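See below for upload_17.tsv, which holds TSV, C-alpha atoms.
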chain	number	residue	atom	x	y	z
A	235	MET	CA	0.00	0.00	0.00
A	236	MET	CA	1.30	3.43	-0.91
A	237	ALA	CA	2.21	5.62	2.09
A	238	GLU	CA	0.15	8.72	2.70
A	239	ALA	CA	1.77	11.89	1.42
A	240	ASP	CA	0.83	13.78	4.60
A	241	PRO	CA	1.70	11.87	7.80
A	242	ILE	CA	-0.76	13.99	9.78
A	243	THR	CA	-3.81	12.61	7.95
A	244	ALA	CA	-3.83	9.38	9.95
A	245	PHE	CA	-4.04	11.41	13.16
A	246	ASP	CA	-7.13	13.21	11.89
A	247	ARG	CA	-8.75	9.78	11.58
A	248	LEU	CA	-7.59	8.90	15.10
A	249	ALA	CA	-9.42	11.96	16.46
A	250	ALA	CA	-12.57	11.49	14.38
A	251	GLY	CA	-15.75	10.65	16.26
A	252	LYS	CA	-14.36	11.19	19.76
A	253	ILE	CA	-16.83	13.19	21.84
A	254	ILE	CA	-15.41	15.11	24.79
A	255	GLY	CA	-17.98	15.61	27.56
A	256	GLU	CA	-17.89	17.09	31.05
A	257	ASP	CA	-19.15	13.98	32.85
A	258	ARG	CA	-16.15	11.72	32.10
A	259	ASN	CA	-12.38	11.98	32.47
A	260	HIS	CA	-11.08	11.51	28.95
A	261	GLN	CA	-7.48	10.32	28.70
A	262	TRP	CA	-4.79	9.54	26.15
A	263	ARG	CA	-2.63	6.61	27.26
A	264	VAL	CA	0.44	4.80	25.95
A	265	ALA	CA	-0.66	1.89	23.75
A	266	CYS	CA	2.79	1.07	22.33
A	267	ALA	CA	6.28	2.41	22.87
A	268	PRO	CA	7.07	4.44	19.71
A	269	ILE	CA	9.74	3.17	17.36
A	270	GLY	CA	10.89	6.10	15.27
A	271	ASN	CA	8.24	8.80	15.09
A	272	VAL	CA	4.95	8.42	16.93
A	273	ARG	CA	2.14	6.59	15.10
A	274	PRO	CA	-1.62	6.53	15.70
A	275	GLU	CA	-1.37	2.99	17.09
A	276	ASP	CA	0.92	4.26	19.86
A	277	PHE	CA	-2.04	6.05	21.50
A	278	GLU	CA	-5.06	4.68	23.39
A	279	PHE	CA	-8.14	6.82	24.06
A	280	ALA	CA	-9.84	6.04	27.38
A	281	ASN	CA	-12.73	7.27	29.51
A	282	GLU	CA	-12.88	7.11	33.29
A	283	PRO	CA	-15.30	8.42	35.92
A	284	VAL	CA	-14.57	11.89	37.31
A	285	LEU	CA	-13.40	11.10	40.84
A	286	GLU	CA	-14.21	13.00	44.02
A	287	PRO	CA	-11.21	14.39	45.92
A	288	LYS	CA	-10.43	12.89	49.32
A	289	ASP	CA	-8.93	14.69	52.30
A	290	GLY	CA	-5.71	16.40	51.18
A	291	GLU	CA	-6.71	16.34	47.50
A	292	VAL	CA	-8.15	18.68	44.88
A	293	LEU	CA	-10.10	18.13	41.67
A	294	LEU	CA	-8.54	19.88	38.68
A	295	ARG	CA	-10.44	20.81	35.51
A	296	THR	CA	-8.03	20.93	32.58
A	297	LEU	CA	-8.02	24.16	30.55
A	298	TYR	CA	-4.93	23.83	28.33
A	299	LEU	CA	-2.28	21.17	27.74
A	300	SER	CA	1.28	21.58	26.55
A	301	LEU	CA	3.05	19.62	23.81
A	302	ALA	CA	6.83	19.09	23.89
A	303	PRO	CA	9.29	16.95	21.90
A	304	VAL	CA	10.35	15.08	25.06
A	305	MET	CA	6.93	13.39	25.19
A	306	ARG	CA	8.07	10.72	22.75
A	307	ALA	CA	10.76	9.74	25.27
A	308	TYR	CA	8.08	9.55	27.97
A	309	MET	CA	6.05	7.19	25.80
A	310	GLN	CA	9.10	5.00	25.21
A	311	GLY	CA	9.42	4.49	28.96
A	312	ARG	CA	12.63	6.47	29.18
A	313	PRO	CA	13.16	8.64	32.26
A	314	ALA	CA	13.22	12.24	31.06
A	315	ALA	CA	12.74	15.66	32.64
A	316	GLY	CA	12.56	14.06	36.08
A	317	GLU	CA	9.27	12.27	35.33
A	318	THR	CA	8.46	8.68	36.34
A	319	PRO	CA	8.98	6.31	33.37
A	320	LEU	CA	5.69	5.36	31.73
A	321	GLU	CA	4.46	1.84	31.12
A	322	ILE	CA	1.93	0.60	28.57
A	323	GLY	CA	-1.52	1.76	29.66
A	324	ASP	CA	-0.31	4.82	31.61
A	325	VAL	CA	-1.67	8.31	31.02
A	326	ILE	CA	0.90	10.26	29.01
A	327	HIS	CA	2.89	12.85	30.97
A	328	GLY	CA	2.45	16.51	30.19
A	329	ARG	CA	2.18	19.91	31.82
A	330	GLY	CA	-1.05	21.82	31.70
A	331	VAL	CA	-3.07	24.70	33.06
A	332	ALA	CA	-6.08	23.74	35.17
A	333	GLN	CA	-8.58	25.21	37.61
A	334	ILE	CA	-9.34	23.82	41.06
A	335	VAL	CA	-13.08	23.11	41.11
A	336	LYS	CA	-13.17	21.16	44.40
A	337	SER	CA	-10.64	21.30	47.22
A	338	ARG	CA	-10.19	19.27	50.36
A	339	HIS	CA	-6.58	20.43	50.65
A	340	PRO	CA	-5.73	23.05	53.29
A	341	ASN	CA	-3.27	24.93	51.07
A	342	TRP	CA	-5.27	25.19	47.85
A	343	ARG	CA	-8.55	27.04	47.26
A	344	GLU	CA	-11.37	26.44	44.82
A	345	ASN	CA	-11.24	28.61	41.66
A	346	GLU	CA	-7.45	29.01	41.84
A	347	VAL	CA	-5.73	28.46	38.49
A	348	VAL	CA	-2.56	26.37	38.52
A	349	GLN	CA	0.00	25.03	36.12
A	350	GLY	CA	1.85	21.77	36.59
A	351	GLN	CA	1.92	18.07	35.77
A	352	ILE	CA	-1.64	17.37	34.67
A	353	GLY	CA	-1.07	14.61	32.11
A	354	TRP	CA	-3.09	13.99	28.98
A	355	GLN	CA	-6.50	14.01	30.67
A	356	THR	CA	-9.46	16.32	31.04
A	357	TRP	CA	-9.77	16.00	34.85
A	358	LYS	CA	-7.28	15.13	37.57
A	359	VAL	CA	-7.52	14.39	41.27
A	360	SER	CA	-4.24	15.52	42.81
A	361	SER	CA	-2.57	15.64	46.21
A	362	MET	CA	-0.52	18.58	44.85
A	363	THR	CA	2.75	16.83	45.60
A	364	PRO	CA	6.15	18.48	44.99
A	365	GLY	CA	6.79	16.07	42.13
A	366	GLU	CA	3.84	17.52	40.23
A	367	LYS	CA	5.49	20.96	40.34
A	368	MET	CA	2.21	22.82	40.72
A	369	VAL	CA	2.43	26.60	40.63
A	370	ARG	CA	-0.34	29.12	41.32
A	371	MET	CA	-1.05	31.51	38.50
A	372	PRO	CA	-1.96	35.00	39.71
A	373	PRO	CA	-4.85	36.75	37.91
A	374	ASN	CA	-2.54	39.46	36.54
A	375	GLY	CA	-4.59	40.54	33.54
A	376	LEU	CA	-2.85	38.08	31.19
A	377	PRO	CA	-4.39	34.92	29.67
A	378	ALA	CA	-4.08	31.66	31.59
A	379	ALA	CA	-2.77	30.05	28.39
A	380	LEU	CA	0.50	31.93	28.94
A	381	GLY	CA	1.21	29.43	31.73
A	382	LEU	CA	2.26	27.02	28.99
A	383	GLY	CA	4.37	29.62	27.20
A	384	ILE	CA	6.07	32.78	28.38
A	385	LEU	CA	4.74	32.42	31.94
A	386	GLY	CA	5.55	28.74	32.32
A	387	MET	CA	8.37	26.23	31.98
A	388	THR	CA	8.84	27.27	28.34
A	389	GLY	CA	9.40	30.86	29.45
A	390	LEU	CA	11.70	29.78	32.28
A	391	SER	CA	13.71	27.69	29.80
A	392	ALA	CA	14.16	30.73	27.57
A	393	TYR	CA	14.92	33.13	30.43
A	394	ALA	CA	17.28	30.83	32.36
A	395	GLY	CA	19.07	29.50	29.32
A	396	PHE	CA	19.56	32.92	27.77
A	397	PHE	CA	20.35	35.11	30.77
A	398	PHE	CA	21.86	32.72	33.33
A	399	CYS	CA	23.74	30.43	30.94
A	400	GLY	CA	24.31	32.58	27.84
A	401	ASP	CA	25.63	35.74	29.54
A	402	PRO	CA	24.26	37.89	26.68
A	403	LYS	CA	25.72	41.28	25.76
A	404	PRO	CA	24.31	44.03	23.50
A	405	GLN	CA	27.23	43.71	21.09
A	406	ASP	CA	26.79	39.94	20.64
A	407	ARG	CA	26.65	38.47	17.16
A	408	MET	CA	24.17	35.73	17.93
A	409	LEU	CA	22.84	32.61	16.21
A	410	LEU	CA	19.63	30.91	17.33
A	411	SER	CA	18.32	27.55	16.10
A	412	GLY	CA	14.70	26.48	16.47
A	413	ALA	CA	13.91	30.19	16.35
A	414	ALA	CA	10.24	29.70	15.42
A	415	GLY	CA	9.52	27.25	18.25
A	416	GLY	CA	8.21	27.75	21.76
A	417	VAL	CA	11.52	28.53	23.47
A	418	GLY	CA	13.20	29.96	20.39
A	419	SER	CA	10.50	32.54	19.66
A	420	ILE	CA	10.92	33.88	23.21
A	421	VAL	CA	14.73	33.88	23.11
A	422	ALA	CA	14.68	35.76	19.80
A	423	GLN	CA	12.67	38.55	21.41
A	424	LEU	CA	14.74	38.59	24.61
A	425	ALA	CA	17.90	38.94	22.53
A	426	ALA	CA	16.68	41.50	20.02
A	427	LYS	CA	14.22	43.57	22.08
A	428	ILE	CA	15.50	43.33	25.66
A	429	VAL	CA	19.29	42.96	25.33
A	430	GLY	CA	19.74	44.54	21.90
A	431	ALA	CA	21.92	41.78	20.42
A	432	ASP	CA	22.05	41.12	16.67
A	433	VAL	CA	20.31	37.78	16.12
A	434	VAL	CA	20.23	35.45	13.12
A	435	GLY	CA	17.49	32.84	13.51
A	436	ILE	CA	17.31	29.39	11.94
A	437	ALA	CA	13.90	27.92	11.02
A	438	GLY	CA	12.30	25.67	8.42
A	439	GLY	CA	10.51	27.16	5.41
A	440	PRO	CA	9.71	30.66	4.10
A	441	GLU	CA	6.72	31.19	6.42
A	442	LYS	CA	8.73	30.42	9.53
A	443	CYS	CA	11.67	32.51	8.36
A	444	ALA	CA	9.35	35.48	7.85
A	445	PHE	CA	7.99	34.90	11.35
A	446	VAL	CA	11.53	34.81	12.78
A	447	ARG	CA	12.36	38.16	11.17
A	448	SER	CA	9.15	39.61	12.66
A	449	LEU	CA	10.48	38.71	16.12
A	450	GLY	CA	13.39	41.10	15.66
A	451	CYS	CA	16.00	38.86	14.04
A	452	SER	CA	18.17	40.67	11.52
A	453	ALA	CA	18.20	37.63	9.21
A	454	ALA	CA	16.74	34.14	8.97
A	455	ILE	CA	18.28	30.92	7.65
A	456	ASP	CA	16.00	28.29	6.11
A	457	TYR	CA	17.52	24.94	7.09
A	458	LEU	CA	15.26	23.17	4.58
A	459	ASP	CA	17.39	24.68	1.81
A	460	GLY	CA	20.12	22.25	2.89
A	461	ALA	CA	22.97	24.78	2.91
A	462	VAL	CA	23.06	25.82	6.56
A	463	ALA	CA	26.85	26.00	6.86
A	464	GLY	CA	27.12	28.38	3.92
A	465	ALA	CA	24.20	30.47	5.16
A	466	ILE	CA	25.82	30.81	8.59
A	467	ALA	CA	29.02	31.99	6.93
A	468	SER	CA	27.19	34.60	4.85
A	469	THR	CA	24.91	35.92	7.63
A	470	ARG	CA	27.56	35.82	10.37
A	471	PRO	CA	30.73	36.68	8.37
A	472	ASP	CA	32.48	37.92	11.54
A	473	GLY	CA	31.60	34.77	13.46
A	474	ILE	CA	29.35	33.93	16.42
A	475	ASP	CA	29.62	35.24	19.98
A	476	LEU	CA	26.59	33.37	21.32
A	477	TYR	CA	24.81	30.35	19.88
A	478	PHE	CA	21.54	29.25	21.54
A	479	ASP	CA	20.92	25.68	20.36
A	480	ASN	CA	17.48	24.08	20.32
A	481	VAL	CA	18.14	21.33	17.78
A	482	GLY	CA	21.59	19.73	18.13
A	483	GLY	CA	22.97	17.49	15.35
A	484	GLU	CA	24.37	18.85	12.12
A	485	ILE	CA	23.31	22.44	12.81
A	486	LEU	CA	25.25	22.45	16.09
A	487	ALA	CA	28.27	21.07	14.24
A	488	ALA	CA	27.97	23.79	11.58
A	489	ALA	CA	27.76	26.52	14.23
A	490	LEU	CA	30.98	25.28	15.86
A	491	GLU	CA	32.87	26.10	12.68
A	492	HIS	CA	32.05	29.83	13.01
A	493	LEU	CA	32.89	30.65	16.63
A	494	ARG	CA	34.56	33.89	17.60
A	495	LEU	CA	37.11	34.04	20.38
A	496	ARG	CA	35.54	33.14	23.75
A	497	ALA	CA	32.14	32.37	22.23
A	498	ARG	CA	29.39	30.80	24.32
A	499	ILE	CA	27.10	27.96	23.30
A	500	VAL	CA	23.95	27.16	25.28
A	501	LEU	CA	22.49	23.67	24.79
A	502	CYS	CA	18.77	24.01	25.41
A	503	GLY	CA	17.22	21.29	23.24
A	504	SER	CA	18.05	18.61	20.70
A	505	ILE	CA	14.90	17.89	18.72
A	506	SER	CA	16.98	16.49	15.85
A	507	GLU	CA	17.98	13.62	18.14
A	508	TYR	CA	14.48	12.45	19.03
A	509	VAL	CA	13.88	10.30	15.97
A	510	ARG	CA	17.48	9.20	15.30
A	511	GLU	CA	18.28	5.53	15.73
A	512	THR	CA	21.90	6.41	16.56
A	513	PRO	CA	22.88	9.53	18.53
A	514	PHE	CA	24.70	12.21	16.57
A	515	GLY	CA	28.46	12.20	17.12
A	516	LEU	CA	29.89	15.73	17.38
A	517	ALA	CA	33.22	15.34	15.61
A	518	ASN	CA	34.41	18.97	15.71
A	519	TYR	CA	34.03	19.76	19.41
A	520	THR	CA	37.72	20.72	19.47
A	521	ARG	CA	36.66	24.04	17.91
A	522	LEU	CA	35.78	24.98	21.48
A	523	ARG	CA	39.40	24.62	22.52
A	524	ALA	CA	40.75	26.41	19.48
A	525	THR	CA	38.61	29.48	20.20
A	526	ASP	CA	38.67	29.45	24.01
A	527	SER	CA	34.92	28.94	23.86
A	528	SER	CA	32.48	27.30	26.25
A	529	MET	CA	29.52	25.00	25.67
A	530	ARG	CA	27.03	24.64	28.51
A	531	GLY	CA	23.90	22.59	28.89
A	532	PHE	CA	21.10	23.30	31.31
A	533	PHE	CA	18.00	21.63	32.72
A	534	VAL	CA	15.10	23.95	33.43
A	535	TYR	CA	14.07	22.23	36.67
A	536	ASN	CA	17.48	23.13	38.13
A	537	HIS	CA	16.47	26.81	37.86
A	538	LEU	CA	13.15	26.71	39.69
A	539	ASN	CA	14.64	28.89	42.45
A	540	ARG	CA	14.58	31.77	39.91
A	541	TRP	CA	10.91	31.24	39.02
A	542	ASP	CA	9.53	34.42	40.60
A	543	GLU	CA	12.30	36.57	39.12
A	544	ALA	CA	11.75	35.18	35.64
A	545	MET	CA	7.95	35.32	35.73
A	546	ASP	CA	7.85	38.87	37.10
A	547	ALA	CA	10.25	40.08	34.41
A	548	MET	CA	8.46	38.28	31.58
A	549	ALA	CA	4.98	39.42	32.68
A	550	GLY	CA	6.25	42.99	32.85
A	551	TRP	CA	7.68	42.81	29.34
A	552	VAL	CA	4.43	41.33	28.00
A	553	HIS	CA	2.43	44.13	29.64
A	554	ASP	CA	4.67	46.86	28.22
A	555	GLY	CA	4.66	45.32	24.74
A	556	ARG	CA	8.30	44.34	24.44
A	557	LEU	CA	7.47	40.62	24.41
A	558	THR	CA	4.66	39.10	22.37
A	559	PRO	CA	3.43	35.57	23.19
A	560	HIS	CA	3.16	33.25	20.20
A	561	PHE	CA	1.15	30.03	20.30
A	562	ASP	CA	0.35	27.33	17.79
A	563	MET	CA	-3.03	26.41	19.27
A	564	ILE	CA	-4.80	23.21	18.32
A	565	GLU	CA	-8.46	22.89	19.30
A	566	GLY	CA	-9.85	19.92	21.16
A	567	PHE	CA	-8.47	17.27	23.50
A	568	GLU	CA	-9.13	14.62	20.85
A	569	ASN	CA	-6.36	16.22	18.74
A	570	MET	CA	-3.52	15.84	21.29
A	571	PRO	CA	-1.73	13.06	19.31
A	572	LYS	CA	-1.99	15.15	16.13
A	573	ALA	CA	-0.50	18.13	17.94
A	574	LEU	CA	2.43	16.03	19.13
A	575	VAL	CA	3.30	14.52	15.76
A	576	SER	CA	3.07	17.99	14.22
A	577	LEU	CA	6.03	19.04	16.37
A	578	TYR	CA	8.27	16.35	14.89
A	579	HIS	CA	7.34	17.48	11.40
A	580	GLY	CA	8.08	21.13	12.18
A	581	ARG	CA	4.49	22.27	11.68
A	582	ASN	CA	4.29	24.56	14.73
A	583	ILE	CA	5.05	28.27	14.83
A	584	GLY	CA	5.50	29.30	18.45
A	585	LYS	CA	4.67	27.14	21.46
A	586	GLN	CA	2.46	24.16	20.62
A	587	ILE	CA	-0.50	23.83	23.00
A	588	CYS	CA	-3.99	22.32	22.99
A	589	ARG	CA	-7.09	24.22	24.06
A	590	VAL	CA	-9.10	21.72	26.09
A	591	ARG	CA	-11.64	24.15	27.56
A	592	GLY	CA	-9.97	27.55	27.29
A	593	GLU	CA	-9.85	30.45	29.70
A	594	PRO	CA	-11.33	30.16	33.21
A	595	GLU	CA	-14.64	31.91	33.81
A	596	ASP	CA	-14.01	32.77	37.47
A	597	TRP	CA	-10.33	33.16	38.33
A	598	GLN	CA	-9.41	33.87	41.94
Written as structure tokens, how would this file's structure read?
Amino acid sequence: MMAEADPITAFDRLAAGKIIGEDRNHQWRVACAPIGNVRPEDFEFANEPVLEPKDGEVLLRTLYLSLAPVMRAYMQGRPAAGETPLEIGDVIHGRGVAQIVKSRHPNWRENEVVQGQIGWQTWKVSSMTPGEKMVRMPPNGLPAALGLGILGMTGLSAYAGFFFCGDPKPQDRMLLSGAAGGVGSIVAQLAAKIVGADVVGIAGGPEKCAFVRSLGCSAAIDYLDGAVAGAIASTRPDGIDLYFDNVGGEILAAALEHLRLRARIVLCGSISEYVRETPFGLANYTRLRATDSSMRGFFVYNHLNRWDEAMDAMAGWVHDGRLTPHFDMIEGFENMPKALVSLYHGRNIGKQICRVRGEPEDWQ
């Protein structure tokens, strides 16, 4: 049988006919551990009763859910991002924004909006444990959806990686990969509009490259053209002071060939690795030694102590117009698998999230 030209089509069929109601807890579970990219048969749709919270618990009503490349690793049963490895039949891990509709917990009130580990489900009974990393969202005049973007772990990743690990300077000649994605679209704005660095962004396709330039980047490189190394040389002829890497692989290797003296590289993500059978071997890492440069990785959960600082700064910049949130919003809980596979095919512009119910009606 001939393969479908568009790999997303099969996920439209997976979603078809699924009715999402308020009287059941709808869930997406792991049916099979993915081999290569995720397939429709890797997902199981389930319905459970909506449970009543016991003493020390709350009932959460899911508003939005986040999509991230690491979710494929979750489904494969690999420990990632500090989450418990999943087994077949488990609800898929994922952060979300939810509202407390019933509380029997002394520290959490009804109608509060929180973000944290919700999982791929429309309701959750939670003891609000530290492992779930639940955070209250203040009603600060900004949409609750921002809890999965600028005012969430995505925003903290951008803020911590850029400011704490990148040591940015206004005179930096900067290169940014994954510039149209969730983290990248924030970093581009932080660099161009807050610090004043000169940023060249890397993205896939003319539409994304135009989007990257609209964020404040002085130029955009289309990696789908297949000539990234030459494009880096032409857009950064004087070399790179700071490279913020969201993709790894061949693009990271190409960037290493254009480092200025004492350049900094921040390793934020490696989406190019997620569907490789064999990890990419970085053969030219000695360019770091030749240029006195540094390459530093970071894990966002190691920077939770800077949460309030980052969120206050980002909310202020959103309010004054210097930062603009960008989402790729998919409608409907039934489309969660489609939203995930879209990430691996580079379909998203901005942070990929799913609107399950949308904004809270009564936010306290």
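Here CA of Tyr308 in chain A is placed at a distance of 12.0 Å from CA of Asp276 in chain A.
Of note, CA of Leu486 in chain A and CA of Cys443 in chain A are spaced 18.6 Å apart.
Among the candidates A:Gly311, A:Pro594, A:Gly555, A:Pro303, the residue lying nearest to Asn480 in chain A is A:Pro303 (atoms considered: only C-alpha atoms).
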### Query
For Ile334 in chain A, which of A:Asp401, A:Asp246, A:Ile322, A:Glu291 is the closest residue, counting only C-alpha atoms?
A:Glu291
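Among A:Asn374, A:Thr469, A:Asn281, A:Ser419, the residue with the shortest atom-to-atom distance to Phe561 in chain A, counting only C-alpha atoms, is A:Ser419.
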Would you mind listing what lies within 9 Å of Phe533 in chain A as a short mmCIF file (atom, residue, chain, number, x, y, z; two decimals) with C-alpha atoms, keeping the file's coordinate frame, with only C-alpha atoms counted and same-chain residues fewer than 4 positions away left out?
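Result went into part.cif, see below:
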data_model
loop_
_atom_site.label_atom_id
_atom_site.label_comp_id
_atom_site.auth_asym_id
_atom_site.auth_seq_id
_atom_site.Cartn_x
_atom_site.Cartn_y
_atom_site.Cartn_z
CA ALA A 315 12.74 15.66 32.64
CA SER A 391 13.71 27.69 29.80
CA GLY A 395 19.07 29.50 29.32
CA CYS A 502 18.77 24.01 25.41
CA HIS A 537 16.47 26.81 37.86
#
### Surrounding residues of Asp526 in chain A excluding itself and chain neighbours under 5 positions, 12 Å, all atoms listed in the file, as a ChimeraX atom specification
/A:475,490,493-499,519-521
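Here the question is which of A:Leu285, A:Gly290, A:Lys358, A:Pro471 gets nearest to Arg343 in chain A using only C-alpha atoms, and that residue is A:Gly290.
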### Query
Quick one: residues within 8 Å of Gly383 in chain A, all atoms listed in the file counted, chain neighbours fewer than 3 positions away excluded, as a PyMOL selection string?
chain A and resi 379-380+386-389+416+559-561+585
Within 12 Å of range 427-436 of chain A, which residues of range 529-598 of chain A show up? Give each one with its shortest atom-to-atom distance in Å (one decimal) and the two atoms involved, counting all atoms listed in the file, rows by chain then rising residue number, as a Markdown table.
| residue | atom | partner | partner_atom | distance |
| --- | --- | --- | --- | --- |
| A:Ala547 | CA | A:Ile428 | CA | 10.7 |
| A:Met548 | CA | A:Ile428 | CA | 10.5 |
| A:Gly550 | CA | A:Ile428 | CA | 11.7 |
| A:Trp551 | CA | A:Ile428 | CA | 8.7 |
| A:Val552 | CA | A:Ile428 | CA | 11.5 |
| A:Asp554 | CA | A:Ile428 | CA | 11.7 |
| A:Gly555 | CA | A:Lys427 | CA | 10.1 |
| A:Arg556 | CA | A:Lys427 | CA | 6.4 |
| A:Leu557 | CA | A:Lys427 | CA | 7.7 |
| A:Thr558 | CA | A:Lys427 | CA | 10.6 |
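Residues in contact range of range 568-581 of chain A, defined as at most 6 Å between all atoms listed in the file, with sequence neighbours fewer than 6 positions away removed, read Phe245, Ala249 and Leu301 of chain A.
Taking only C-alpha atoms into account, Gly330 in chain A lies nearest to A:Met368 out of the set A:Leu501, A:Met368, A:Leu293, A:Ala307.
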### Message
For Met362 in chain A, find every residue with an atom within 10 Å (counting only C-alpha atoms), except residues of its own chain fewer than 2 positions away, and show them as a ChimeraX atom specification.
### Response
/A:290-292,339,341-342,350-351,359-360,364-369
Restricted to C-alpha atoms, what would the selected residues look like written as a PDB file, in the frame of the given file?
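Done, and the output landed in out.pdb:
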ATOM      1  CA  GLY A 290      -5.710  16.400  51.180  1.00  0.00           C
ATOM      2  CA  GLU A 291      -6.710  16.340  47.500  1.00  0.00           C
ATOM      3  CA  VAL A 292      -8.150  18.680  44.880  1.00  0.00           C
ATOM      4  CA  HIS A 339      -6.580  20.430  50.650  1.00  0.00           C
ATOM      5  CA  ASN A 341      -3.270  24.930  51.070  1.00  0.00           C
ATOM      6  CA  TRP A 342      -5.270  25.190  47.850  1.00  0.00           C
ATOM      7  CA  GLY A 350       1.850  21.770  36.590  1.00  0.00           C
ATOM      8  CA  GLN A 351       1.920  18.070  35.770  1.00  0.00           C
ATOM      9  CA  VAL A 359      -7.520  14.390  41.270  1.00  0.00           C
ATOM     10  CA  SER A 360      -4.240  15.520  42.810  1.00  0.00           C
ATOM     11  CA  PRO A 364       6.150  18.480  44.990  1.00  0.00           C
ATOM     12  CA  GLY A 365       6.790  16.070  42.130  1.00  0.00           C
ATOM     13  CA  GLU A 366       3.840  17.520  40.230  1.00  0.00           C
ATOM     14  CA  LYS A 367       5.490  20.960  40.340  1.00  0.00           C
ATOM     15  CA  MET A 368       2.210  22.820  40.720  1.00  0.00           C
ATOM     16  CA  VAL A 369       2.430  26.600  40.630  1.00  0.00           C
TER      17      VAL A 369
END
Take every atom of range 441-453 of chain A listed in the file, fit an axis-aligned box around them, add 5 Å per side, and give the centre and edge lengths in Å to one decimal as JSON.
{"center_x": 12.5, "center_y": 35.8, "center_z": 11.3, "size_x": 21.5, "size_y": 20.7, "size_z": 19.7}
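CA of Ala314 in chain A is found 24.0 Å from CA of Leu410 in chain A.
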### Summary
In terms of all atoms listed in the file, the residue from A:Ser337, A:Gln355, A:Asn271, A:Ser448 at minimal distance from Ser300 in chain A is A:Gln355
Select, counting all atoms listed in the file, all protein, DNA and RNA residues no farther than 7 Å from (12.4, 39.8, 17.4) in file coordinates, and express the selection as a PDB file with C-alpha atoms, in the coordinates of the input.
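Printed below is point_36.pdb as written:
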ATOM      1  CA  ALA A 422      14.680  35.760  19.800  1.00  0.00           C
ATOM      2  CA  GLN A 423      12.670  38.550  21.410  1.00  0.00           C
ATOM      3  CA  ALA A 426      16.680  41.500  20.020  1.00  0.00           C
ATOM      4  CA  LYS A 427      14.220  43.570  22.080  1.00  0.00           C
ATOM      5  CA  VAL A 446      11.530  34.810  12.780  1.00  0.00           C
ATOM      6  CA  ARG A 447      12.360  38.160  11.170  1.00  0.00           C
ATOM      7  CA  SER A 448       9.150  39.610  12.660  1.00  0.00           C
ATOM      8  CA  LEU A 449      10.480  38.710  16.120  1.00  0.00           C
ATOM      9  CA  GLY A 450      13.390  41.100  15.660  1.00  0.00           C
ATOM     10  CA  CYS A 451      16.000  38.860  14.040  1.00  0.00           C
TER      11      CYS A 451
END
